[in-house]
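Chemist: Handing over my_file.cif, mmCIF, C-alpha atoms.
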```cif
data_protein
#
loop_
_atom_site.label_atom_id
_atom_site.label_comp_id
_atom_site.auth_asym_id
_atom_site.auth_seq_id
_atom_site.Cartn_x
_atom_site.Cartn_y
_atom_site.Cartn_z
CA MET Z 1 -9.24 -39.89 -68.94
CA LEU Z 2 -11.03 -38.05 -66.14
CA ALA Z 3 -10.72 -41.17 -63.98
CA PHE Z 4 -6.94 -41.15 -64.54
CA ILE Z 5 -6.65 -37.46 -63.60
CA VAL Z 6 -8.75 -37.84 -60.45
CA THR Z 7 -6.77 -40.87 -59.26
CA THR Z 8 -3.43 -39.16 -59.94
CA ILE Z 9 -4.41 -35.99 -58.06
CA VAL Z 10 -5.69 -37.91 -55.02
CA CYS Z 11 -2.49 -40.02 -54.95
CA PHE Z 12 -0.33 -36.91 -55.21
CA ILE Z 13 -2.14 -35.20 -52.32
CA ILE Z 14 -1.71 -38.28 -50.11
CA TYR Z 15 1.98 -38.46 -51.09
CA LEU Z 16 2.45 -34.80 -50.18
CA LEU Z 17 0.78 -35.37 -46.78
CA LEU Z 18 3.05 -38.33 -46.02
CA THR Z 19 6.30 -36.60 -47.04
CA ILE Z 20 5.64 -33.24 -45.38
CA GLY Z 21 8.62 -31.75 -43.57
CA SER Z 22 11.28 -32.93 -46.04
CA ALA Z 23 12.51 -29.42 -46.92
CA THR Z 24 16.23 -28.85 -47.34
CA GLY Z 25 16.51 -25.07 -47.49
CA ALA Z 26 16.27 -22.06 -49.78
CA SER Z 27 17.04 -24.11 -52.93
CA ASP Z 28 13.52 -25.57 -52.94
CA PHE Z 29 11.28 -24.84 -55.90
CA PHE Z 30 8.24 -24.20 -53.70
CA ASN Z 31 9.91 -22.33 -50.89
CA LEU Z 32 7.30 -23.05 -48.21
CA GLY Z 33 9.72 -24.94 -45.98
CA LEU Z 34 7.70 -28.14 -46.35
CA TRP Z 35 8.82 -30.22 -49.34
CA SER Z 36 12.10 -30.69 -51.19
CA ASN Z 37 12.35 -30.75 -55.01
CA GLU Z 38 13.22 -34.45 -55.12
CA GLU Z 39 10.15 -35.46 -53.14
CA ILE Z 40 7.79 -33.46 -55.35
CA LEU Z 41 9.32 -34.83 -58.56
CA PHE Z 42 9.23 -38.42 -57.33
CA GLY Z 43 5.69 -37.94 -56.06
CA VAL Z 44 4.52 -36.80 -59.50
CA ILE Z 45 6.13 -39.81 -61.19
CA LEU Z 46 4.68 -42.30 -58.70
CA SER Z 47 1.21 -40.71 -58.83
CA VAL Z 48 1.12 -40.95 -62.63
CA ILE Z 49 2.09 -44.63 -62.47
CA VAL Z 50 -0.50 -45.41 -59.78
CA GLY Z 51 -3.16 -43.39 -61.62
CA ALA Z 52 -2.55 -45.36 -64.81
CA ILE Z 53 -2.76 -48.70 -63.04
CA GLY Z 54 -5.51 -48.07 -60.52
CA ARG Z 55 -7.98 -45.77 -62.27
CA LYS Z 56 -10.57 -48.48 -62.87
CA ILE Z 57 -10.48 -49.63 -59.24
CA PHE Z 58 -10.64 -46.16 -57.71
CA VAL Z 59 -13.42 -44.72 -59.89
CA LYS Z 60 -16.29 -47.15 -60.35
CA LYS Z 61 -19.13 -45.67 -62.41
CA ASP Z 62 -19.76 -41.96 -62.20
CA PHE Z 63 -18.15 -38.81 -60.85
CA ARG Z 64 -20.80 -37.64 -58.39
CA MET Z 65 -18.27 -37.52 -55.52
CA LEU Z 66 -16.34 -34.75 -57.34
CA ASN Z 67 -19.03 -32.27 -56.31
CA PRO Z 68 -17.59 -29.99 -53.58
CA VAL Z 69 -21.03 -29.57 -51.99
CA ARG Z 70 -20.87 -33.25 -51.07
CA TRP Z 71 -17.42 -32.77 -49.46
CA PHE Z 72 -18.62 -29.89 -47.31
CA THR Z 73 -21.77 -31.80 -46.36
CA PHE Z 74 -19.52 -34.71 -45.38
CA LEU Z 75 -17.27 -32.51 -43.24
CA PHE Z 76 -20.30 -30.91 -41.55
CA TYR Z 77 -21.80 -34.37 -40.93
CA LEU Z 78 -18.48 -35.61 -39.52
CA PHE Z 79 -17.99 -32.76 -37.08
CA ILE Z 80 -21.50 -32.05 -35.80
CA PRO Z 81 -24.14 -34.86 -35.94
CA PHE Z 82 -21.62 -37.72 -36.06
CA PHE Z 83 -19.28 -36.45 -33.35
CA TRP Z 84 -22.22 -35.63 -31.09
CA GLY Z 85 -23.66 -39.14 -31.61
CA MET Z 86 -20.25 -40.62 -30.84
CA ALA Z 87 -19.89 -38.67 -27.59
CA LYS Z 88 -23.35 -39.85 -26.50
CA ALA Z 89 -22.40 -43.43 -27.43
CA ASN Z 90 -19.37 -43.32 -25.20
CA PHE Z 91 -21.24 -42.09 -22.15
CA ASP Z 92 -23.88 -44.76 -22.84
CA VAL Z 93 -21.23 -47.49 -22.98
CA ALA Z 94 -19.55 -46.05 -19.88
CA TYR Z 95 -22.89 -46.29 -18.02
CA ARG Z 96 -23.35 -49.90 -19.12
CA VAL Z 97 -19.79 -50.89 -18.26
CA ILE Z 98 -20.16 -49.53 -14.76
CA THR Z 99 -23.71 -50.77 -13.99
CA GLY Z 100 -23.72 -53.94 -16.13
CA LYS Z 101 -27.35 -53.37 -17.30
CA ILE Z 102 -27.79 -54.82 -20.81
CA ASN Z 103 -30.78 -55.91 -22.87
CA PRO Z 104 -29.28 -57.01 -26.20
CA GLY Z 105 -30.70 -58.32 -29.47
CA ILE Z 106 -30.07 -58.42 -33.20
CA VAL Z 107 -32.53 -56.39 -35.29
CA LYS Z 108 -32.96 -55.79 -39.01
CA ILE Z 109 -33.37 -52.33 -40.54
CA SER Z 110 -33.98 -51.20 -44.12
CA PRO Z 111 -32.30 -47.83 -44.62
CA GLY Z 112 -33.10 -47.84 -48.36
CA LEU Z 113 -29.62 -46.89 -49.60
CA LYS Z 114 -28.47 -48.07 -53.01
CA THR Z 115 -24.73 -47.46 -53.45
CA ASP Z 116 -21.84 -49.40 -51.89
CA LEU Z 117 -20.19 -46.23 -50.60
CA GLY Z 118 -23.39 -45.10 -48.88
CA ILE Z 119 -24.02 -48.41 -47.15
CA THR Z 120 -20.37 -48.61 -46.01
CA MET Z 121 -20.54 -45.12 -44.57
CA LEU Z 122 -23.81 -45.87 -42.78
CA ALA Z 123 -22.52 -49.18 -41.36
CA ASN Z 124 -19.39 -47.51 -40.00
CA SER Z 125 -21.42 -44.64 -38.53
CA ILE Z 126 -23.77 -47.12 -36.86
CA THR Z 127 -20.89 -49.05 -35.33
CA LEU Z 128 -19.44 -45.90 -33.78
CA THR Z 129 -22.72 -44.48 -32.38
CA PRO Z 130 -25.00 -45.23 -29.43
CA GLY Z 131 -25.37 -48.87 -28.44
CA THR Z 132 -25.35 -50.35 -31.94
CA LEU Z 133 -22.93 -52.57 -33.92
CA SER Z 134 -23.48 -53.65 -37.52
CA VAL Z 135 -23.18 -57.44 -37.70
CA ASP Z 136 -24.22 -58.46 -41.20
CA ILE Z 137 -25.63 -57.13 -44.46
CA ASP Z 138 -28.17 -58.45 -46.94
CA GLU Z 139 -26.43 -57.66 -50.22
CA ASP Z 140 -29.54 -57.96 -52.41
CA LYS Z 141 -31.74 -55.47 -50.58
CA ASN Z 142 -29.01 -53.55 -48.67
CA ASP Z 143 -30.65 -54.36 -45.33
CA LEU Z 144 -28.44 -54.15 -42.27
CA TYR Z 145 -28.47 -56.49 -39.27
CA ILE Z 146 -27.63 -54.54 -36.14
CA HIS Z 147 -26.62 -55.80 -32.70
CA TRP Z 148 -28.41 -53.44 -30.33
CA ILE Z 149 -27.26 -53.35 -26.73
CA ASN Z 150 -30.48 -51.92 -25.26
CA VAL Z 151 -33.54 -53.00 -27.28
CA LYS Z 152 -36.52 -50.69 -26.79
CA LYS Z 153 -39.88 -52.45 -26.48
CA GLU Z 154 -41.86 -49.95 -28.52
CA ALA Z 155 -39.49 -50.46 -31.45
CA LEU Z 156 -40.30 -54.18 -31.69
CA LYS Z 157 -44.02 -53.70 -32.44
CA LYS Z 158 -43.52 -53.08 -36.15
CA LYS Z 159 -41.43 -55.23 -38.54
CA PRO Z 160 -39.02 -54.39 -40.04
CA ILE Z 161 -38.00 -51.94 -37.37
CA ASP Z 162 -38.11 -48.23 -38.14
CA TYR Z 163 -34.51 -47.04 -38.46
CA LYS Z 164 -35.25 -43.91 -36.43
CA TYR Z 165 -34.93 -45.94 -33.22
CA VAL Z 166 -31.56 -47.39 -34.19
CA CYS Z 167 -29.60 -44.68 -35.97
CA GLY Z 168 -31.64 -41.47 -35.89
CA SER Z 169 -31.24 -39.25 -38.95
CA PHE Z 170 -27.98 -40.79 -40.25
CA PRO Z 171 -29.50 -42.38 -43.40
CA LYS Z 172 -30.77 -38.95 -44.52
CA TRP Z 173 -27.30 -37.44 -44.14
CA VAL Z 174 -25.63 -40.35 -45.92
CA ARG Z 175 -28.14 -40.12 -48.78
CA ARG Z 176 -27.34 -36.42 -49.11
CA ILE Z 177 -23.59 -37.15 -49.20
CA ALA Z 178 -23.19 -40.33 -51.22
CA GLU Z 179 -26.26 -40.74 -53.47
CA MET S 1 -0.40 -16.85 -21.65
CA MET S 2 -0.94 -18.76 -24.89
CA PHE S 3 1.48 -21.48 -23.76
CA SER S 4 -0.46 -22.21 -20.62
CA ILE S 5 -3.90 -22.36 -22.30
CA ILE S 6 -2.70 -24.84 -24.94
CA ASP S 7 -0.93 -26.89 -22.27
CA ILE S 8 -4.13 -27.11 -20.20
CA ILE S 9 -6.16 -28.19 -23.26
CA VAL S 10 -3.55 -30.83 -24.10
CA TYR S 11 -3.64 -32.23 -20.55
CA ILE S 12 -7.46 -32.35 -20.61
CA PHE S 13 -7.41 -34.20 -23.95
CA LEU S 14 -4.84 -36.68 -22.64
CA GLY S 15 -6.93 -37.32 -19.54
CA VAL S 16 -10.16 -37.89 -21.49
CA GLY S 17 -8.40 -40.20 -23.96
CA VAL S 18 -6.77 -42.32 -21.26
CA PHE S 19 -10.06 -42.52 -19.34
CA PHE S 20 -12.01 -43.88 -22.34
CA ASN S 21 -9.26 -46.33 -23.32
CA LEU S 22 -9.22 -47.61 -19.74
CA LEU S 23 -13.01 -47.94 -19.87
CA ALA S 24 -12.68 -50.08 -23.00
CA GLY S 25 -10.42 -52.44 -21.07
CA VAL S 26 -12.85 -52.67 -18.15
CA GLY S 27 -15.71 -53.28 -20.59
CA LEU S 28 -13.83 -56.15 -22.23
CA LEU S 29 -13.58 -57.82 -18.83
CA ARG S 30 -17.13 -57.12 -17.63
CA PHE S 31 -19.40 -57.83 -20.60
CA PRO S 32 -20.71 -61.39 -21.13
CA ASP S 33 -20.28 -62.22 -24.85
CA VAL S 34 -18.38 -61.29 -27.99
CA TYR S 35 -20.88 -58.73 -29.36
CA THR S 36 -21.19 -56.64 -26.21
CA ARG S 37 -17.41 -56.80 -25.79
CA LEU S 38 -17.02 -55.45 -29.30
CA HIS S 39 -19.27 -52.54 -28.29
CA ALA S 40 -16.81 -51.59 -25.59
CA GLY S 41 -13.76 -52.40 -27.69
CA THR S 42 -14.62 -50.28 -30.73
CA LYS S 43 -16.47 -47.21 -29.52
CA CYS S 44 -14.35 -46.42 -26.50
CA THR S 45 -10.98 -47.03 -28.14
CA THR S 46 -11.90 -44.92 -31.18
CA PHE S 47 -13.15 -42.05 -29.04
CA GLY S 48 -10.13 -42.24 -26.75
CA SER S 49 -7.75 -42.33 -29.70
CA ILE S 50 -9.39 -39.23 -31.20
CA PHE S 51 -8.55 -37.29 -28.05
CA LEU S 52 -5.02 -38.69 -27.72
CA SER S 53 -4.29 -37.85 -31.36
CA GLY S 54 -5.92 -34.46 -30.88
CA SER S 55 -3.45 -33.59 -28.13
CA VAL S 56 -0.51 -34.59 -30.34
CA ILE S 57 -1.92 -32.54 -33.24
CA LEU S 58 -2.29 -29.50 -30.97
CA LEU S 59 1.31 -29.81 -29.76
CA GLY S 60 2.53 -30.20 -33.36
CA LEU S 61 0.55 -27.16 -34.53
CA ARG S 62 2.05 -25.09 -31.73
CA MET S 63 5.57 -26.15 -32.74
CA TRP S 64 4.75 -25.29 -36.34
CA TRP S 65 3.36 -21.89 -35.37
CA PHE S 66 6.62 -21.00 -33.63
CA GLY S 67 8.69 -21.87 -36.70
CA ASN S 68 9.77 -25.46 -36.09
CA THR S 69 8.81 -27.45 -39.21
CA ASP S 70 9.14 -30.75 -37.33
CA GLY S 71 5.77 -29.82 -35.89
CA SER S 72 4.21 -30.14 -39.34
CA ILE S 73 5.37 -33.77 -39.49
CA LEU S 74 3.80 -34.48 -36.08
CA ALA S 75 0.49 -32.80 -36.83
CA ILE S 76 -0.12 -34.04 -40.38
CA HIS S 77 1.05 -37.61 -39.81
CA THR S 78 -1.05 -37.96 -36.68
CA GLY S 79 -4.04 -36.67 -38.65
CA VAL S 80 -3.48 -39.32 -41.34
CA ALA S 81 -3.20 -42.01 -38.65
CA LEU S 82 -6.44 -40.75 -37.08
CA VAL S 83 -8.31 -41.08 -40.40
CA ALA S 84 -6.95 -44.62 -40.75
CA ILE S 85 -8.19 -45.51 -37.25
CA LEU S 86 -11.65 -44.03 -37.95
CA VAL S 87 -12.04 -46.11 -41.10
CA THR S 88 -10.50 -49.42 -40.04
CA ASN S 89 -11.76 -49.75 -36.46
CA PRO S 90 -15.51 -50.16 -37.22
CA THR S 91 -14.70 -52.25 -40.30
CA GLY S 92 -12.66 -54.68 -38.21
CA ALA S 93 -15.39 -54.87 -35.57
CA HIS S 94 -17.95 -55.63 -38.27
CA ALA S 95 -15.74 -58.42 -39.64
CA ILE S 96 -15.32 -60.00 -36.20
CA ALA S 97 -19.06 -59.79 -35.42
CA ARG S 98 -20.02 -61.28 -38.78
CA ALA S 99 -17.52 -64.12 -38.41
CA ALA S 100 -18.75 -64.83 -34.89
CA HIS S 101 -22.39 -64.98 -35.97
CA ARG S 102 -21.58 -67.20 -38.95
CA SER S 103 -19.72 -69.66 -36.76
CA GLY S 104 -22.75 -69.95 -34.51
CA VAL S 105 -22.12 -67.73 -31.48
CA LYS S 106 -25.51 -66.67 -30.06
CA PRO S 107 -25.86 -63.29 -28.34
CA VAL S 108 -26.23 -63.83 -24.58
CA LYS S 109 -29.60 -62.80 -23.04
CA ALA S 110 -30.90 -61.77 -26.47
CA VAL S 111 -34.44 -60.35 -26.61
CA VAL S 112 -34.74 -60.71 -30.37
CA ASP S 113 -32.54 -62.20 -33.11
CA ASP S 114 -33.67 -61.37 -36.64
CA LEU S 115 -30.56 -62.89 -38.18
CA GLU S 116 -31.11 -66.30 -36.60
CA GLY S 117 -31.07 -69.02 -39.29
CA GLY S 118 -31.29 -66.45 -42.09
CA THR S 119 -28.84 -66.41 -44.94
CA THR S 120 -27.32 -63.19 -46.21
CA LYS S 121 -25.42 -64.51 -49.20
CA LYS S 122 -26.02 -63.01 -52.61
CA LYS S 123 -28.77 -64.84 -54.47
CA SER S 124 -26.56 -65.56 -57.46
CA ILE S 125 -23.98 -67.27 -55.25
CA GLY S 126 -26.74 -69.22 -53.48
CA LYS S 127 -28.15 -70.42 -56.82
CA LYS S 128 -24.71 -71.51 -57.98
CA THR S 129 -24.11 -73.58 -54.89
CA ALA S 130 -27.60 -75.08 -55.25
CA THR S 131 -26.96 -76.14 -58.86
CA VAL S 132 -23.54 -77.50 -57.89
CA LYS S 133 -25.21 -79.51 -55.14
CA LYS S 134 -27.79 -80.86 -57.60
CA LYS S 135 -25.06 -81.91 -60.02
CA GLU S 136 -23.18 -83.59 -57.22
CA GLU S 137 -26.34 -85.42 -56.16
CA GLU S 138 -27.03 -86.58 -59.71
CA GLU S 139 -23.48 -87.72 -60.19
CA GLY S 140 -23.27 -89.39 -56.80
#
```
Could you render the structure from this file as structure tokens?
Modeler:
Amino acid sequence: MLAFIVTTIVCFIIYLLLTIGSATGASDFFNLGLWSNEEILFGVILSVIVGAIGRKIFVKKDFRMLNPVRWFTFLFYLFIPFFWGMAKANFDVAYRVITGKINPGIVKISPGLKTDLGITMLANSITLTPGTLSVDIDEDKNDLYIHWINVKKEALKKKPIDYKYVCGSFPKWVRRIAE
Amino acid sequence: MMFSIIDIIVYIFLGVGVFFNLLAGVGLLRFPDVYTRLHAGTKCTTFGSIFLSGSVILLGLRMWWFGNTDGSILAIHTGVALVAILVTNPTGAHAIARAAHRSGVKPVKAVVDDLEGGTTKKKSIGKKTATVKKKEEEEG
């Protein structure tokens, strides 16, 4: 039942975002100047249908992502460490595009994450941050194979490579958000 | 006064976005193989698109602030599109890189290749194919 409610509410919020600006005038039930009555009614009906059909796909096992602390941690992660890493990545790529200096290789890291959501978030973060691109994943151990555009020599001494060289403190943040 | 400050910010955002998208194009031409090209093609286009969308969102918010509800459509829909770009762009790059490595493209000038020759399939799937192969051998 909780899975059904969560799915319905998320669907309804997305529907409201997509139909914003459909107001017709003072006859609206919620007179904010944003939505008309018809859109809100139809949105509720559609959300209930989608929630009934898709609740088992949307909510897998538990409800740990309902915790608002995780949402705010995610937003903080998105705007400060992640955005800063992304800006650095772009100046790094700009430098390599202009000078043409590359030293590439594919390395394996073990971030030690367990859930699907966590490993997806980490792989996407790695792709968008300095000099790294996730190529493949070992689905048994959740190890990631990373294409690294500028392999550091001191990182190659120990196997498997310490993830600090590749993605900094991202696994800690992702563990705090998704696990 | 407020008009001019927002206009200047919007122009700066547009300039930064166009610069990084242009850089992605130059990188696609200059880099030697598919992986390094993907580096240029994903990071720079995502970063450039964030700034381009940011300028549109700012303009929409200003319209909204001065009472034009069309601005809400601009701002919110561009925000939704931005989230879609942020999720799908690295996922697509990962799919291309994985497909390229599986079909045997080696990274040019590679110092190290941990993935070389290794399999990353799930063990259960691997076992299944092995038993199927055995059966086929016994039958044939």
Chemist: Measuring atom to atom with all atoms listed in the file, identify which of S:Val26, S:Met63, S:Val105, S:Val10 is nearest to chain Z.
Modeler: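 Of the candidates, the smallest distance to chain Z is held by S:Val26.
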Chemist: List the residues matched by the PyMOL selection byres ((chain S and resi 70) around 12) in the displayed structure as a list of chain:residue names, ordered by chain and then by residue number.
Modeler: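 Evaluating the PyMOL selection byres ((chain S and resi 70) around 12) on this file yields Z:Thr19, Z:Ile20, Z:Gly21, Z:Ser22, Z:Ala23, Z:Gly33, Z:Leu34, S:Ile57, S:Leu59, S:Gly60, S:Leu61, S:Arg62, S:Met63, S:Trp64, S:Trp65, S:Phe66, S:Gly67, S:Asn68, S:Thr69, S:Gly71, S:Ser72, S:Ile73, S:Leu74, S:Ala75, S:Ile76, S:His77.
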Chemist: Can you measure atom CA of Phe42 of chain Z to atom CA of Val6 of chain Z for me? One decimal in Å is fine.
Modeler: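 Pair atom CA of Phe42 of chain Z / atom CA of Val6 of chain Z returns 18.3 Å.
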Chemist: For a quick test of understanding: name the residues of chain Z lying within 7 Å of chain S when counting all atoms listed in the file, and present them as a PDB file with C-alpha atoms, in the coordinates of the input.
Modeler:
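Listed below is the output, part-v7.pdb:
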```
ATOM      1  CA  LEU Z  17       0.780 -35.370 -46.780  1.00  0.00           C
ATOM      2  CA  LEU Z  18       3.050 -38.330 -46.020  1.00  0.00           C
ATOM      3  CA  ILE Z  20       5.640 -33.240 -45.380  1.00  0.00           C
ATOM      4  CA  GLY Z  21       8.620 -31.750 -43.570  1.00  0.00           C
ATOM      5  CA  ASN Z  90     -19.370 -43.320 -25.200  1.00  0.00           C
ATOM      6  CA  VAL Z  93     -21.230 -47.490 -22.980  1.00  0.00           C
ATOM      7  CA  ALA Z  94     -19.550 -46.050 -19.880  1.00  0.00           C
ATOM      8  CA  VAL Z  97     -19.790 -50.890 -18.260  1.00  0.00           C
ATOM      9  CA  ASN Z 103     -30.780 -55.910 -22.870  1.00  0.00           C
ATOM     10  CA  PRO Z 104     -29.280 -57.010 -26.200  1.00  0.00           C
ATOM     11  CA  GLY Z 105     -30.700 -58.320 -29.470  1.00  0.00           C
ATOM     12  CA  ILE Z 106     -30.070 -58.420 -33.200  1.00  0.00           C
ATOM     13  CA  VAL Z 107     -32.530 -56.390 -35.290  1.00  0.00           C
ATOM     14  CA  LYS Z 108     -32.960 -55.790 -39.010  1.00  0.00           C
ATOM     15  CA  ASN Z 124     -19.390 -47.510 -40.000  1.00  0.00           C
ATOM     16  CA  THR Z 127     -20.890 -49.050 -35.330  1.00  0.00           C
ATOM     17  CA  LEU Z 128     -19.440 -45.900 -33.780  1.00  0.00           C
ATOM     18  CA  LEU Z 133     -22.930 -52.570 -33.920  1.00  0.00           C
ATOM     19  CA  SER Z 134     -23.480 -53.650 -37.520  1.00  0.00           C
ATOM     20  CA  VAL Z 135     -23.180 -57.440 -37.700  1.00  0.00           C
ATOM     21  CA  ASP Z 136     -24.220 -58.460 -41.200  1.00  0.00           C
ATOM     22  CA  ILE Z 137     -25.630 -57.130 -44.460  1.00  0.00           C
ATOM     23  CA  ASP Z 138     -28.170 -58.450 -46.940  1.00  0.00           C
ATOM     24  CA  GLU Z 139     -26.430 -57.660 -50.220  1.00  0.00           C
ATOM     25  CA  ASP Z 140     -29.540 -57.960 -52.410  1.00  0.00           C
ATOM     26  CA  TYR Z 145     -28.470 -56.490 -39.270  1.00  0.00           C
ATOM     27  CA  ILE Z 149     -27.260 -53.350 -26.730  1.00  0.00           C
TER      28      ILE Z 149
END
```
Chemist: For the PyMOL selection byres ((chain Z and resi 170) around 10), applied here, can you spell out every residue it catches as number ranges by chain?
Modeler: Z: 77, 81-82, 85, 111, 121-122, 125-126, 163-164, 166-169, 171-176
Chemist: Only C-alpha atoms, please: the residues just picked out, written as an mmCIF file, in the coordinates of the input.
Modeler:
```
data_model
loop_
_atom_site.group_PDB
_atom_site.id
_atom_site.type_symbol
_atom_site.label_atom_id
_atom_site.label_comp_id
_atom_site.auth_asym_id
_atom_site.auth_seq_id
_atom_site.Cartn_x
_atom_site.Cartn_y
_atom_site.Cartn_z
ATOM 1 C CA TYR Z 77 -21.800 -34.370 -40.930
ATOM 2 C CA PRO Z 81 -24.140 -34.860 -35.940
ATOM 3 C CA PHE Z 82 -21.620 -37.720 -36.060
ATOM 4 C CA GLY Z 85 -23.660 -39.140 -31.610
ATOM 5 C CA PRO Z 111 -32.300 -47.830 -44.620
ATOM 6 C CA MET Z 121 -20.540 -45.120 -44.570
ATOM 7 C CA LEU Z 122 -23.810 -45.870 -42.780
ATOM 8 C CA SER Z 125 -21.420 -44.640 -38.530
ATOM 9 C CA ILE Z 126 -23.770 -47.120 -36.860
ATOM 10 C CA TYR Z 163 -34.510 -47.040 -38.460
ATOM 11 C CA LYS Z 164 -35.250 -43.910 -36.430
ATOM 12 C CA VAL Z 166 -31.560 -47.390 -34.190
ATOM 13 C CA CYS Z 167 -29.600 -44.680 -35.970
ATOM 14 C CA GLY Z 168 -31.640 -41.470 -35.890
ATOM 15 C CA SER Z 169 -31.240 -39.250 -38.950
ATOM 16 C CA PRO Z 171 -29.500 -42.380 -43.400
ATOM 17 C CA LYS Z 172 -30.770 -38.950 -44.520
ATOM 18 C CA TRP Z 173 -27.300 -37.440 -44.140
ATOM 19 C CA VAL Z 174 -25.630 -40.350 -45.920
ATOM 20 C CA ARG Z 175 -28.140 -40.120 -48.780
ATOM 21 C CA ARG Z 176 -27.340 -36.420 -49.110
#
```
Chemist: Which residues come within 12 Å of Met1 of chain Z, counting all atoms listed in the file, excluding same-chain residues fewer than 5 positions away, as a list of chain:residue names?
Modeler: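 Counting all atoms listed in the file, the residues come to Z:Val6, Z:Thr7, Z:Thr8, Z:Gly51, Z:Ala52, Z:Arg55, Z:Lys56, Z:Val59.
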Chemist: Record the distance separating atom CA of Gly41 of chain S and atom CA of Leu14 of chain S, expressed in Å with one decimal.
Modeler: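 Going from atom CA of Gly41 of chain S over to atom CA of Leu14 of chain S covers 18.8 Å.
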Chemist: What does the structure give for the distance between atom CA of Val44 of chain Z and atom CA of Val10 of chain Z, in Å to one decimal?
Modeler: 11.2 Å
Chemist: Output, as AutoDock Vina command-line options, the centre and edge lengths in Å (one decimal) of the axis-aligned box that contains all listed atoms of segment 163-177 of chain Z with 4 Å of margin on each side.
Modeler:
```
--center_x -29.4 --center_y -41.9 --center_z -41.2 --size_x 19.7 --size_y 19.0 --size_z 24.0
```
Chemist: Would you fill out segment 98-109 of chain S with N, CA, C and O atoms and return it as a CSV table (one decimal), in the frame of the given file?
Modeler:
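The result, written out as result_21.csv:
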```csv
chain,number,residue,atom,x,y,z
S,98,ARG,N,-19.5,-60.4,-37.7
S,98,ARG,CA,-20.0,-61.3,-38.8
S,98,ARG,C,-19.5,-62.7,-38.7
S,98,ARG,O,-20.2,-63.7,-38.8
S,99,ALA,N,-18.1,-62.8,-38.5
S,99,ALA,CA,-17.5,-64.1,-38.4
S,99,ALA,C,-18.1,-64.9,-37.2
S,99,ALA,O,-18.3,-66.1,-37.3
S,100,ALA,N,-18.2,-64.2,-36.1
S,100,ALA,CA,-18.8,-64.8,-34.9
S,100,ALA,C,-20.2,-65.3,-35.1
S,100,ALA,O,-20.5,-66.5,-34.8
S,101,HIS,N,-21.0,-64.5,-35.8
S,101,HIS,CA,-22.4,-65.0,-36.0
S,101,HIS,C,-22.4,-66.1,-37.0
S,101,HIS,O,-23.3,-67.0,-36.8
S,102,ARG,N,-21.6,-66.1,-38.0
S,102,ARG,CA,-21.6,-67.2,-39.0
S,102,ARG,C,-21.1,-68.5,-38.3
S,102,ARG,O,-21.5,-69.6,-38.8
S,103,SER,N,-20.2,-68.4,-37.4
S,103,SER,CA,-19.7,-69.7,-36.8
S,103,SER,C,-20.6,-70.1,-35.6
S,103,SER,O,-20.2,-70.9,-34.8
S,104,GLY,N,-21.7,-69.4,-35.4
S,104,GLY,CA,-22.8,-70.0,-34.5
S,104,GLY,C,-22.7,-69.4,-33.1
S,104,GLY,O,-23.3,-70.1,-32.2
S,105,VAL,N,-22.1,-68.3,-32.8
S,105,VAL,CA,-22.1,-67.7,-31.5
S,105,VAL,C,-23.4,-67.0,-31.3
S,105,VAL,O,-23.7,-66.1,-32.1
S,106,LYS,N,-24.2,-67.4,-30.3
S,106,LYS,CA,-25.5,-66.7,-30.1
S,106,LYS,C,-25.3,-65.5,-29.1
S,106,LYS,O,-24.5,-65.6,-28.2
S,107,PRO,N,-26.0,-64.4,-29.3
S,107,PRO,CA,-25.9,-63.3,-28.3
S,107,PRO,C,-26.5,-63.7,-27.0
S,107,PRO,O,-27.6,-64.2,-27.0
S,108,VAL,N,-25.8,-63.4,-25.9
S,108,VAL,CA,-26.2,-63.8,-24.6
S,108,VAL,C,-27.4,-62.9,-24.2
S,108,VAL,O,-27.4,-61.7,-24.4
S,109,LYS,N,-28.4,-63.5,-23.6
S,109,LYS,CA,-29.6,-62.8,-23.0
S,109,LYS,C,-30.3,-62.0,-24.1
S,109,LYS,O,-30.9,-61.0,-23.9
```
